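Source file: input-v5.tsv. Holds: TSV, C-alpha atoms (C1' of nucleotides).
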chain	number	residue	atom	x	y	z
X	1	MET	CA	-111.03	-229.94	45.29
X	2	ASN	CA	-114.63	-230.29	44.14
X	3	ALA	CA	-117.32	-227.70	43.62
X	4	ALA	CA	-119.51	-228.38	46.62
X	5	PRO	CA	-120.79	-225.06	47.94
X	6	GLY	CA	-119.05	-223.81	51.02
X	7	ASN	CA	-115.98	-225.89	50.36
X	8	THR	CA	-112.61	-224.77	49.05
X	9	PRO	CA	-112.77	-225.60	45.38
X	10	ARG	CA	-110.57	-222.69	44.35
X	11	PRO	CA	-108.71	-219.64	45.61
X	12	ASP	CA	-110.84	-216.56	46.06
X	13	LEU	CA	-111.66	-214.85	42.81
X	14	ALA	CA	-109.99	-211.61	43.85
X	15	ALA	CA	-106.88	-213.53	44.91
X	16	MET	CA	-106.46	-214.68	41.32
X	17	VAL	CA	-107.79	-211.71	39.38
X	18	VAL	CA	-105.78	-209.01	41.17
X	19	PRO	CA	-102.36	-210.67	40.80
X	20	LEU	CA	-103.19	-211.61	37.22
X	21	GLY	CA	-103.98	-207.97	36.55
X	22	ARG	CA	-100.69	-206.91	38.08
X	23	ALA	CA	-98.83	-209.41	35.91
X	24	LEU	CA	-100.62	-208.25	32.76
X	25	MET	CA	-99.73	-204.66	33.55
X	26	ALA	CA	-96.13	-205.62	34.19
X	27	ALA	CA	-96.04	-207.42	30.86
X	28	GLU	CA	-97.33	-204.32	29.11
X	29	ARG	CA	-94.90	-201.99	30.79
X	30	PRO	CA	-91.87	-202.59	28.52
X	31	VAL	CA	-94.03	-201.84	25.48
X	32	LEU	CA	-95.38	-198.67	27.03
X	33	ASP	CA	-91.96	-197.59	28.28
X	34	ALA	CA	-90.51	-198.03	24.81
X	35	HIS	CA	-92.94	-195.37	23.61
X	36	GLY	CA	-92.78	-193.12	26.66
X	37	LEU	CA	-96.33	-193.84	27.71
X	38	THR	CA	-97.78	-194.52	31.13
X	39	MET	CA	-100.65	-196.91	31.53
X	40	TRP	CA	-103.02	-193.99	31.91
X	41	ALA	CA	-101.64	-192.28	28.82
X	42	TYR	CA	-102.29	-195.45	26.87
X	43	ALA	CA	-105.79	-195.64	28.31
X	44	VAL	CA	-106.41	-192.07	27.18
X	45	LEU	CA	-105.15	-192.70	23.66
X	46	SER	CA	-107.17	-195.89	23.43
X	47	HIS	CA	-110.38	-194.39	24.60
X	48	LEU	CA	-110.16	-191.10	22.74
X	49	ASP	CA	-109.84	-192.89	19.46
X	50	GLU	CA	-112.91	-194.99	19.95
X	51	THR	CA	-115.31	-192.46	21.36
X	52	PRO	CA	-114.64	-188.76	20.81
X	53	LEU	CA	-115.48	-187.05	24.08
X	54	ARG	CA	-116.39	-183.50	24.75
X	55	THR	CA	-115.12	-183.06	28.30
X	56	GLN	CA	-112.13	-184.21	30.27
X	57	ALA	CA	-114.38	-185.31	33.10
X	58	ALA	CA	-116.23	-187.66	30.77
X	59	LEU	CA	-112.95	-189.09	29.56
X	60	ALA	CA	-111.76	-189.59	33.10
X	61	GLU	CA	-114.94	-191.39	34.03
X	62	ALA	CA	-114.80	-193.55	30.92
X	63	ILE	CA	-111.39	-194.91	31.83
X	64	HIS	CA	-112.26	-195.12	35.52
X	65	ALA	CA	-109.73	-192.51	36.51
X	66	ASP	CA	-109.96	-189.46	38.70
X	67	LYS	CA	-110.51	-186.28	36.71
X	68	THR	CA	-107.58	-184.64	38.49
X	69	ARG	CA	-105.30	-187.48	37.61
X	70	ILE	CA	-105.50	-187.35	33.84
X	71	ILE	CA	-104.54	-183.68	33.67
X	72	ALA	CA	-100.81	-184.28	33.80
X	73	VAL	CA	-101.32	-187.06	31.29
X	74	LEU	CA	-103.15	-184.72	28.91
X	75	ASP	CA	-100.48	-182.05	29.41
X	76	ASP	CA	-97.84	-184.52	28.33
X	77	LEU	CA	-99.73	-185.94	25.38
X	78	GLU	CA	-100.62	-182.46	24.18
X	79	SER	CA	-97.04	-181.21	24.42
X	80	ARG	CA	-95.97	-184.19	22.35
X	81	GLU	CA	-98.67	-183.34	19.81
X	82	LEU	CA	-100.38	-186.69	20.19
X	83	LEU	CA	-103.65	-184.96	20.94
X	84	THR	CA	-105.16	-181.49	20.78
X	85	ARG	CA	-107.05	-179.76	23.55
X	86	ARG	CA	-108.94	-176.59	22.61
X	87	PRO	CA	-111.72	-174.71	24.35
X	88	ASP	CA	-115.18	-175.40	22.99
X	89	PRO	CA	-116.37	-172.15	21.32
X	90	GLU	CA	-119.89	-172.87	22.54
X	91	ASP	CA	-118.88	-173.33	26.16
X	92	ARG	CA	-115.42	-172.10	26.86
X	93	ARG	CA	-115.18	-174.00	30.12
X	94	VAL	CA	-115.03	-177.22	28.13
X	95	ARG	CA	-111.94	-178.62	26.42
X	96	LEU	CA	-112.46	-180.49	23.16
X	97	LEU	CA	-110.08	-183.42	22.92
X	98	SER	CA	-109.03	-185.16	19.77
X	99	LEU	CA	-106.23	-187.41	18.69
X	100	THR	CA	-103.75	-186.14	16.13
X	101	PRO	CA	-102.72	-188.45	13.29
X	102	GLU	CA	-99.49	-189.13	15.16
X	103	GLY	CA	-101.50	-189.94	18.26
X	104	ARG	CA	-103.60	-192.43	16.38
X	105	ARG	CA	-100.54	-193.97	14.80
X	106	LEU	CA	-98.81	-194.38	18.14
X	107	ARG	CA	-101.92	-195.85	19.64
X	108	ASP	CA	-102.12	-198.42	16.86
X	109	THR	CA	-98.48	-199.36	17.23
X	110	VAL	CA	-98.72	-199.83	20.96
X	111	ARG	CA	-102.04	-201.63	20.82
X	112	THR	CA	-100.71	-204.12	18.29
X	113	ALA	CA	-97.71	-204.87	20.47
X	114	VAL	CA	-99.87	-205.24	23.57
X	115	ARG	CA	-102.27	-207.55	21.78
X	116	GLU	CA	-99.43	-209.69	20.51
X	117	GLY	CA	-98.26	-210.24	24.07
X	118	GLU	CA	-101.76	-211.12	25.18
X	119	GLU	CA	-102.22	-213.51	22.28
X	120	ARG	CA	-99.04	-215.32	23.21
X	121	LEU	CA	-100.52	-215.87	26.64
X	122	LEU	CA	-103.96	-216.86	25.42
X	123	GLU	CA	-102.50	-219.25	22.85
X	124	GLN	CA	-101.68	-221.58	25.71
X	125	VAL	CA	-105.36	-221.86	26.60
X	126	PRO	CA	-107.53	-224.40	24.74
X	127	ALA	CA	-109.57	-222.61	22.07
X	128	ALA	CA	-112.93	-223.55	23.55
X	129	ASP	CA	-111.99	-222.26	26.98
X	130	ARG	CA	-110.45	-219.14	25.53
X	131	GLU	CA	-113.65	-218.01	23.94
X	132	ALA	CA	-115.71	-218.67	27.06
X	133	PHE	CA	-113.09	-216.94	29.16
X	134	LEU	CA	-113.06	-213.79	27.08
X	135	ARG	CA	-116.83	-213.70	26.91
X	136	THR	CA	-117.19	-214.15	30.66
X	137	LEU	CA	-114.40	-211.74	31.47
X	138	GLY	CA	-116.09	-209.12	29.32
X	139	PHE	CA	-119.39	-209.78	31.02
X	140	LEU	CA	-117.99	-209.65	34.55
X	141	TYR	CA	-116.09	-206.51	33.67
X	142	GLU	CA	-119.26	-204.80	32.49
X	143	VAL	CA	-121.24	-205.94	35.51
X	144	SER	CA	-118.52	-204.89	37.93
X	145	GLN	CA	-118.27	-201.43	36.39
X	146	GLY	CA	-121.95	-200.76	36.93
X	147	HIS	CA	-123.34	-202.93	34.12
X	148	PRO	CA	-124.14	-200.18	31.59
X	149	GLY	CA	-125.51	-202.82	29.23
X	150	ARG	CA	-127.57	-204.61	31.80
Z	1	MET	CA	-116.27	-207.40	16.71
Z	2	ASN	CA	-114.59	-210.42	15.19
Z	3	ALA	CA	-111.34	-212.13	16.05
Z	4	ALA	CA	-109.21	-211.10	13.10
Z	5	PRO	CA	-105.69	-210.51	14.37
Z	6	GLY	CA	-104.69	-206.90	14.64
Z	7	ASN	CA	-108.27	-205.72	14.78
Z	8	THR	CA	-110.18	-204.49	17.79
Z	9	PRO	CA	-112.20	-207.50	18.84
Z	10	ARG	CA	-112.11	-206.62	22.53
Z	11	PRO	CA	-110.64	-204.21	25.07
Z	12	ASP	CA	-107.12	-205.05	26.17
Z	13	LEU	CA	-107.00	-207.89	28.64
Z	14	ALA	CA	-105.39	-205.76	31.32
Z	15	ALA	CA	-108.01	-203.06	30.79
Z	16	MET	CA	-110.66	-205.54	31.88
Z	17	VAL	CA	-108.80	-207.64	34.42
Z	18	VAL	CA	-107.38	-204.78	36.49
Z	19	PRO	CA	-110.69	-202.93	37.00
Z	20	LEU	CA	-112.46	-206.22	37.65
Z	21	GLY	CA	-109.90	-206.96	40.34
Z	22	ARG	CA	-110.45	-203.56	41.89
Z	23	ALA	CA	-114.19	-204.15	41.92
Z	24	LEU	CA	-113.81	-207.58	43.48
Z	25	MET	CA	-111.61	-206.13	46.20
Z	26	ALA	CA	-114.09	-203.33	46.80
Z	27	ALA	CA	-116.85	-205.91	47.11
Z	28	GLU	CA	-114.82	-207.83	49.68
Z	29	ARG	CA	-113.97	-204.80	51.72
Z	30	PRO	CA	-117.19	-204.55	53.76
Z	31	VAL	CA	-116.82	-208.18	54.78
Z	32	LEU	CA	-113.20	-207.67	55.79
Z	33	ASP	CA	-113.94	-204.40	57.56
Z	34	ALA	CA	-116.67	-206.06	59.57
Z	35	HIS	CA	-114.03	-208.35	61.02
Z	36	GLY	CA	-111.25	-205.81	61.30
Z	37	LEU	CA	-109.13	-207.44	58.63
Z	38	THR	CA	-107.15	-205.88	55.83
Z	39	MET	CA	-106.84	-207.67	52.53
Z	40	TRP	CA	-103.32	-208.73	53.45
Z	41	ALA	CA	-104.43	-209.99	56.84
Z	42	TYR	CA	-107.04	-212.12	55.11
Z	43	ALA	CA	-104.42	-213.37	52.67
Z	44	VAL	CA	-102.20	-214.34	55.60
Z	45	LEU	CA	-104.99	-216.18	57.39
Z	46	SER	CA	-106.00	-217.94	54.20
Z	47	HIS	CA	-102.56	-219.07	53.28
Z	48	LEU	CA	-101.36	-220.05	56.74
Z	49	ASP	CA	-104.22	-222.44	57.13
Z	50	GLU	CA	-103.56	-224.27	53.92
Z	51	THR	CA	-99.81	-224.60	54.00
Z	52	PRO	CA	-98.02	-224.29	57.34
Z	53	LEU	CA	-94.89	-222.28	56.68
Z	54	ARG	CA	-91.68	-222.11	58.60
Z	55	THR	CA	-90.55	-218.57	57.80
Z	56	GLN	CA	-92.19	-215.20	57.37
Z	57	ALA	CA	-90.26	-214.66	54.17
Z	58	ALA	CA	-91.77	-217.81	52.68
Z	59	LEU	CA	-95.24	-216.66	53.70
Z	60	ALA	CA	-94.66	-213.26	52.15
Z	61	GLU	CA	-93.51	-214.82	48.91
Z	62	ALA	CA	-96.45	-217.19	48.85
Z	63	ILE	CA	-98.97	-214.37	48.97
Z	64	HIS	CA	-96.90	-212.20	46.63
Z	65	ALA	CA	-96.22	-209.58	49.27
Z	66	ASP	CA	-93.06	-207.86	50.39
Z	67	LYS	CA	-91.56	-209.48	53.49
Z	68	THR	CA	-91.42	-206.08	55.18
Z	69	ARG	CA	-95.07	-205.45	54.52
Z	70	ILE	CA	-96.57	-208.40	56.33
Z	71	ILE	CA	-94.82	-207.60	59.61
Z	72	ALA	CA	-97.40	-205.10	60.80
Z	73	VAL	CA	-100.06	-207.53	59.69
Z	74	LEU	CA	-98.51	-210.33	61.73
Z	75	ASP	CA	-98.11	-208.00	64.72
Z	76	ASP	CA	-101.81	-207.24	64.61
Z	77	LEU	CA	-102.97	-210.81	64.10
Z	78	GLU	CA	-100.67	-212.02	66.86
Z	79	SER	CA	-101.89	-209.38	69.32
Z	80	ARG	CA	-105.44	-210.45	68.58
Z	81	GLU	CA	-104.42	-214.06	69.20
Z	82	LEU	CA	-105.43	-215.15	65.73
Z	83	LEU	CA	-102.00	-216.63	65.16
Z	84	THR	CA	-98.88	-217.47	67.16
Z	85	ARG	CA	-95.35	-216.53	66.24
Z	86	ARG	CA	-92.57	-218.24	68.19
Z	87	PRO	CA	-88.87	-218.62	67.53
Z	88	ASP	CA	-87.88	-221.97	66.09
Z	89	PRO	CA	-85.79	-223.73	68.79
Z	90	GLU	CA	-83.56	-225.19	66.10
Z	91	ASP	CA	-82.82	-221.84	64.48
Z	92	ARG	CA	-83.80	-218.94	66.64
Z	93	ARG	CA	-83.73	-216.49	63.75
Z	94	VAL	CA	-86.80	-218.17	62.34
Z	95	ARG	CA	-90.37	-217.53	63.49
Z	96	LEU	CA	-92.79	-220.45	63.42
Z	97	LEU	CA	-96.24	-219.28	62.44
Z	98	SER	CA	-99.47	-221.08	63.13
Z	99	LEU	CA	-103.11	-220.19	63.25
Z	100	THR	CA	-104.93	-220.38	66.57
Z	101	PRO	CA	-108.37	-222.01	66.67
Z	102	GLU	CA	-109.89	-218.52	66.73
Z	103	GLY	CA	-107.80	-217.59	63.73
Z	104	ARG	CA	-109.05	-220.58	61.82
Z	105	ARG	CA	-112.63	-219.88	62.84
Z	106	LEU	CA	-112.40	-216.25	61.71
Z	107	ARG	CA	-110.82	-217.29	58.44
Z	108	ASP	CA	-113.69	-219.70	57.78
Z	109	THR	CA	-116.30	-217.09	58.57
Z	110	VAL	CA	-114.75	-214.50	56.31
Z	111	ARG	CA	-114.03	-216.93	53.53
Z	112	THR	CA	-117.62	-218.14	53.51
Z	113	ALA	CA	-118.92	-214.59	53.26
Z	114	VAL	CA	-116.46	-213.72	50.51
Z	115	ARG	CA	-117.38	-216.82	48.54
Z	116	GLU	CA	-121.07	-216.05	48.86
Z	117	GLY	CA	-120.51	-212.67	47.28
Z	118	GLU	CA	-118.51	-214.22	44.48
Z	119	GLU	CA	-121.12	-216.87	43.87
Z	120	ARG	CA	-123.79	-214.22	43.54
Z	121	LEU	CA	-121.71	-212.66	40.81
Z	122	LEU	CA	-120.88	-215.94	39.08
Z	123	GLU	CA	-124.50	-217.06	39.21
Z	124	GLN	CA	-125.22	-214.56	36.45
Z	125	VAL	CA	-122.81	-216.35	34.13
Z	126	PRO	CA	-124.06	-219.38	32.15
Z	127	ALA	CA	-122.88	-222.57	33.84
Z	128	ALA	CA	-120.84	-223.77	30.89
Z	129	ASP	CA	-118.96	-220.49	30.61
Z	130	ARG	CA	-118.48	-220.31	34.35
Z	131	GLU	CA	-116.56	-223.54	34.50
Z	132	ALA	CA	-114.34	-222.63	31.55
Z	133	PHE	CA	-113.81	-219.19	33.02
Z	134	LEU	CA	-112.69	-220.46	36.39
Z	135	ARG	CA	-110.47	-223.09	34.80
Z	136	THR	CA	-108.85	-220.56	32.50
Z	137	LEU	CA	-108.52	-217.92	35.19
Z	138	GLY	CA	-106.77	-220.45	37.40
Z	139	PHE	CA	-104.47	-221.40	34.56
Z	140	LEU	CA	-103.61	-217.85	33.60
Z	141	TYR	CA	-103.06	-217.00	37.25
Z	142	GLU	CA	-100.58	-219.86	37.65
Z	143	VAL	CA	-98.79	-218.99	34.43
Z	144	SER	CA	-98.60	-215.30	35.28
Z	145	GLN	CA	-97.15	-216.02	38.72
Z	146	GLY	CA	-94.25	-217.96	37.29
Z	147	HIS	CA	-96.11	-221.15	36.30
Z	148	PRO	CA	-94.95	-223.35	39.19
Z	149	GLY	CA	-96.83	-226.28	37.66
Z	150	ARG	CA	-95.67	-225.78	34.12
U	1	DT	C1'	-124.94	-170.39	42.09
U	2	DA	C1'	-123.16	-174.31	39.40
U	3	DT	C1'	-119.73	-176.44	36.43
U	4	DT	C1'	-115.08	-177.35	33.91
U	5	DG	C1'	-110.70	-177.59	34.44
U	6	DT	C1'	-106.73	-176.86	37.46
U	7	DT	C1'	-103.61	-176.81	41.47
U	8	DA	C1'	-102.21	-178.07	46.12
U	9	DT	C1'	-102.34	-181.19	49.74
U	10	DA	C1'	-102.67	-185.29	52.26
U	11	DC	C1'	-103.14	-190.08	52.56
U	12	DT	C1'	-102.29	-194.91	51.25
U	13	DC	C1'	-99.61	-198.37	49.33
U	14	DT	C1'	-95.32	-200.11	48.04
U	15	DA	C1'	-90.27	-200.59	47.53
U	16	DT	C1'	-85.48	-199.78	49.28
U	17	DA	C1'	-82.07	-199.56	52.45
U	18	DA	C1'	-80.21	-199.82	56.98
U	19	DC	C1'	-80.23	-202.19	61.45
U	20	DT	C1'	-80.50	-206.46	65.14
U	21	DA	C1'	-80.04	-210.95	66.36
U	22	DT	C1'	-78.80	-215.15	65.39
U	23	DA	C1'	-76.02	-218.58	62.71
J	1	DT	C1'	-70.15	-213.63	56.34
J	2	DA	C1'	-74.71	-214.68	55.59
J	3	DT	C1'	-79.68	-214.99	56.78
J	4	DA	C1'	-84.49	-213.96	59.30
J	5	DG	C1'	-86.73	-210.56	60.94
J	6	DT	C1'	-87.39	-205.66	61.91
J	7	DT	C1'	-87.43	-200.62	61.45
J	8	DA	C1'	-87.10	-196.21	58.96
J	9	DT	C1'	-87.36	-193.74	54.91
J	10	DA	C1'	-88.61	-192.42	50.49
J	11	DG	C1'	-91.26	-192.92	46.39
J	12	DA	C1'	-95.36	-193.82	43.50
J	13	DG	C1'	-100.17	-193.76	43.10
J	14	DT	C1'	-104.47	-192.06	44.58
J	15	DA	C1'	-108.12	-189.22	46.65
J	16	DT	C1'	-109.78	-184.76	48.72
J	17	DA	C1'	-110.31	-180.10	48.96
J	18	DA	C1'	-109.65	-175.50	47.48
J	19	DC	C1'	-109.21	-172.32	43.50
J	20	DA	C1'	-109.87	-169.73	38.80
J	21	DA	C1'	-112.54	-169.21	34.73
J	22	DT	C1'	-116.84	-169.43	32.57
J	23	DA	C1'	-121.72	-170.13	32.40

Can you turn what I pasted into structure tokens?
Amino acid sequence: MNAAPGNTPRPDLAAMVVPLGRALMAAERPVLDAHGLTMWAYAVLSHLDETPLRTQAALAEAIHADKTRIIAVLDDLESRELLTRRPDPEDRRVRLLSLTPEGRRLRDTVRTAVREGEERLLEQVPAADREAFLRTLGFLYEVSQGHPGR
Amino acid sequence: MNAAPGNTPRPDLAAMVVPLGRALMAAERPVLDAHGLTMWAYAVLSHLDETPLRTQAALAEAIHADKTRIIAVLDDLESRELLTRRPDPEDRRVRLLSLTPEGRRLRDTVRTAVREGEERLLEQVPAADREAFLRTLGFLYEVSQGHPGR
DNA sequence: TATTGTTATACTCTATAACTATA
DNA sequence: TATAGTTATAGAGTATAACAATA
């Protein structure tokens, strides 16, 4: 149970991170379901608000999804008037995406609820550890996704 | 970028943890492939070594898998003589599982390689943060899996 | 010819239900 | 009848390839 290299001081990283991720997603699900959103729909709403994107492919890449996979998501969100999708006049192959006011409102509602659940979990962690954890998690996330801010 | 509640101090936890988990699994894959192991096969080898289990159902639960899903895995590992699976004489419905010496050896080899990869990643994190991160990750993992040691 | 968005298809992973053999 | 293990089936999620529109 020590930290000597080559020993067994802990379960494999992936063996903890992957199940934790599954559990976090499962905890979010009721919130998302209550608003008729899939995880990917929520990811789209979240990301669109922060960084307006010009193409669907860029959006897909930003949320680490396949470009073919978000199409049904966009269809749904558009039909519910949570976002608009119009051809770019300057290049009519491109679809300009933007959140509607209702889309932004929904996003805020859901995000707040999601964050509340996460805070309840993190509350159980000592404050000092919490900060280091979030900082390191953010760092490892960036590095693992191709460290854009290397 | 502060910690005021309700603000946007960070991406959602799940939005970082899930992709990080995917990346960690992807990083492990070459190691596992090199030894002809799936992720579940590795999980089985890892867990069997630590805690000898009397039933397949208990093993499945321990690694958070479906009991029907590990059967093909056990078939494969047994045919490769990495583990043995014999009926319990006292209750012939039950299969007693145990790692063979080769199974244990393979598990050690793979685990060492996996850990090396993880260490290379963790090396980039300041030592103080690293410890807090691993401690907190372990804690959150336990809690999220039904906090057996609550 | 190359690119954006779209559709269709196939493949993997996972969950559910039905079956057998023991008890 | 209940339980351990097994098999078969169906469903969700994902990736690949082919297609239409525009450049």

Give me the chain U side of the contact with region 39-58 of chain X, cut-off 12 Å, one line per residue showing its nearest atom pair and distance in Å at one decimal, counting only C-alpha atoms (C1' of nucleotides), sorted by chain and residue number, as a tab-separated table.
residue	atom	partner	partner_atom	distance
U:DT3	C1'	X:Ala57	CA	10.9
U:DT4	C1'	X:Thr55	CA	8.0
U:DG5	C1'	X:Gln56	CA	8.0
U:DT6	C1'	X:Gln56	CA	11.6

Closest atom pairs, residues of chain J within 8 Å of chain X, all atoms listed in the file, as JSON lines:
{"residue": "J:DA21", "atom": "C1'", "partner": "X:Arg93", "partner_atom": "CA", "distance": 7.2}
{"residue": "J:DT22", "atom": "C1'", "partner": "X:Arg93", "partner_atom": "CA", "distance": 5.4}
{"residue": "J:DA23", "atom": "C1'", "partner": "X:Asp91", "partner_atom": "CA", "distance": 7.6}

List the residues sitting within 12 Å of (-112.3, -183.3, 13.1) in the file's frame, using only C-alpha atoms (C1' of nucleotides), as a ChimeraX atom specification.
/X:49,52,83-84,96-101

Pick from X:Arg130, X:Lys67, X:Arg111, X:Arg104: nearest to DT14 (chain J), with all atoms listed in the file counted?
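Going through X:Arg130, X:Lys67, X:Arg111, X:Arg104 one by one, the smallest distance to DT14 (chain J) is for X:Lys67.
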
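Among Z:Leu77, Z:Leu59, Z:Leu13, Z:Ile70, the residue with the shortest atom-to-atom distance to DT14 (chain U), counting only C-alpha atoms (C1' of nucleotides), is Z:Ile70.
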
Using all atoms listed in the file and a distance of at most 8 Å, pull out the residues of chain X that contact chain Z, as an MDAnalysis selection string.
chainID X and resid 6 12:14 16:25 112 114:115 118 121 125 129:130 132:133 136:138 140:141 144:145

DT9 (chain U): which residues within 12 Å, counting only C-alpha atoms (C1' of nucleotides), same-chain residues fewer than 6 positions away excluded, as a PyMOL selection string?
chain J and resi 15-18

Quick one: contact table of chain U to chain Z, 10 Å max, nearest atom pair and distance in Å to one decimal per residue, counting all atoms listed in the file, chain and number order, as CSV?
residue,atom,partner,partner_atom,distance
U:DC13,C1',Z:Arg69,CA,9.9
U:DT14,C1',Z:Arg69,CA,8.4
U:DA15,C1',Z:Asp66,CA,8.3
U:DA21,C1',Z:Arg93,CA,7.1
U:DT22,C1',Z:Arg93,CA,5.4
U:DA23,C1',Z:Asp91,CA,7.7

Go ahead and compute the interatomic distance for C1' of DA20 (chain J) and C1' of DT7 (chain U), in Å to one decimal.
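Distance between the two atoms: 9.8 Å.
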
Pick out the closest residue to DT6 (chain J) from this set: Z:Glu123, Z:Val110, Z:Gly36, Z:Ala72. Count all atoms listed in the file.
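Among the listed residues, the smallest separation from DT6 (chain J) belongs to Z:Ala72.
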
Interatomic distance (Å, one decimal) between CA of Pro87 (chain Z) and CA of His35 (chain Z):
27.9 Å

Using all atoms listed in the file, collect all residues at a distance of at most 12 Å from (-89.2, -191.2, 50.6) as written in the file, then present them as a list in words.
DT14, DA15, DT16 and DA17 of chain U; DA8, DT9, DA10, DG11 and DA12 of chain J

Could you state the separation of CA of Pro30 (chain X) and CA of Gly117 (chain X) in Å, given to one decimal place?
10.9 Å
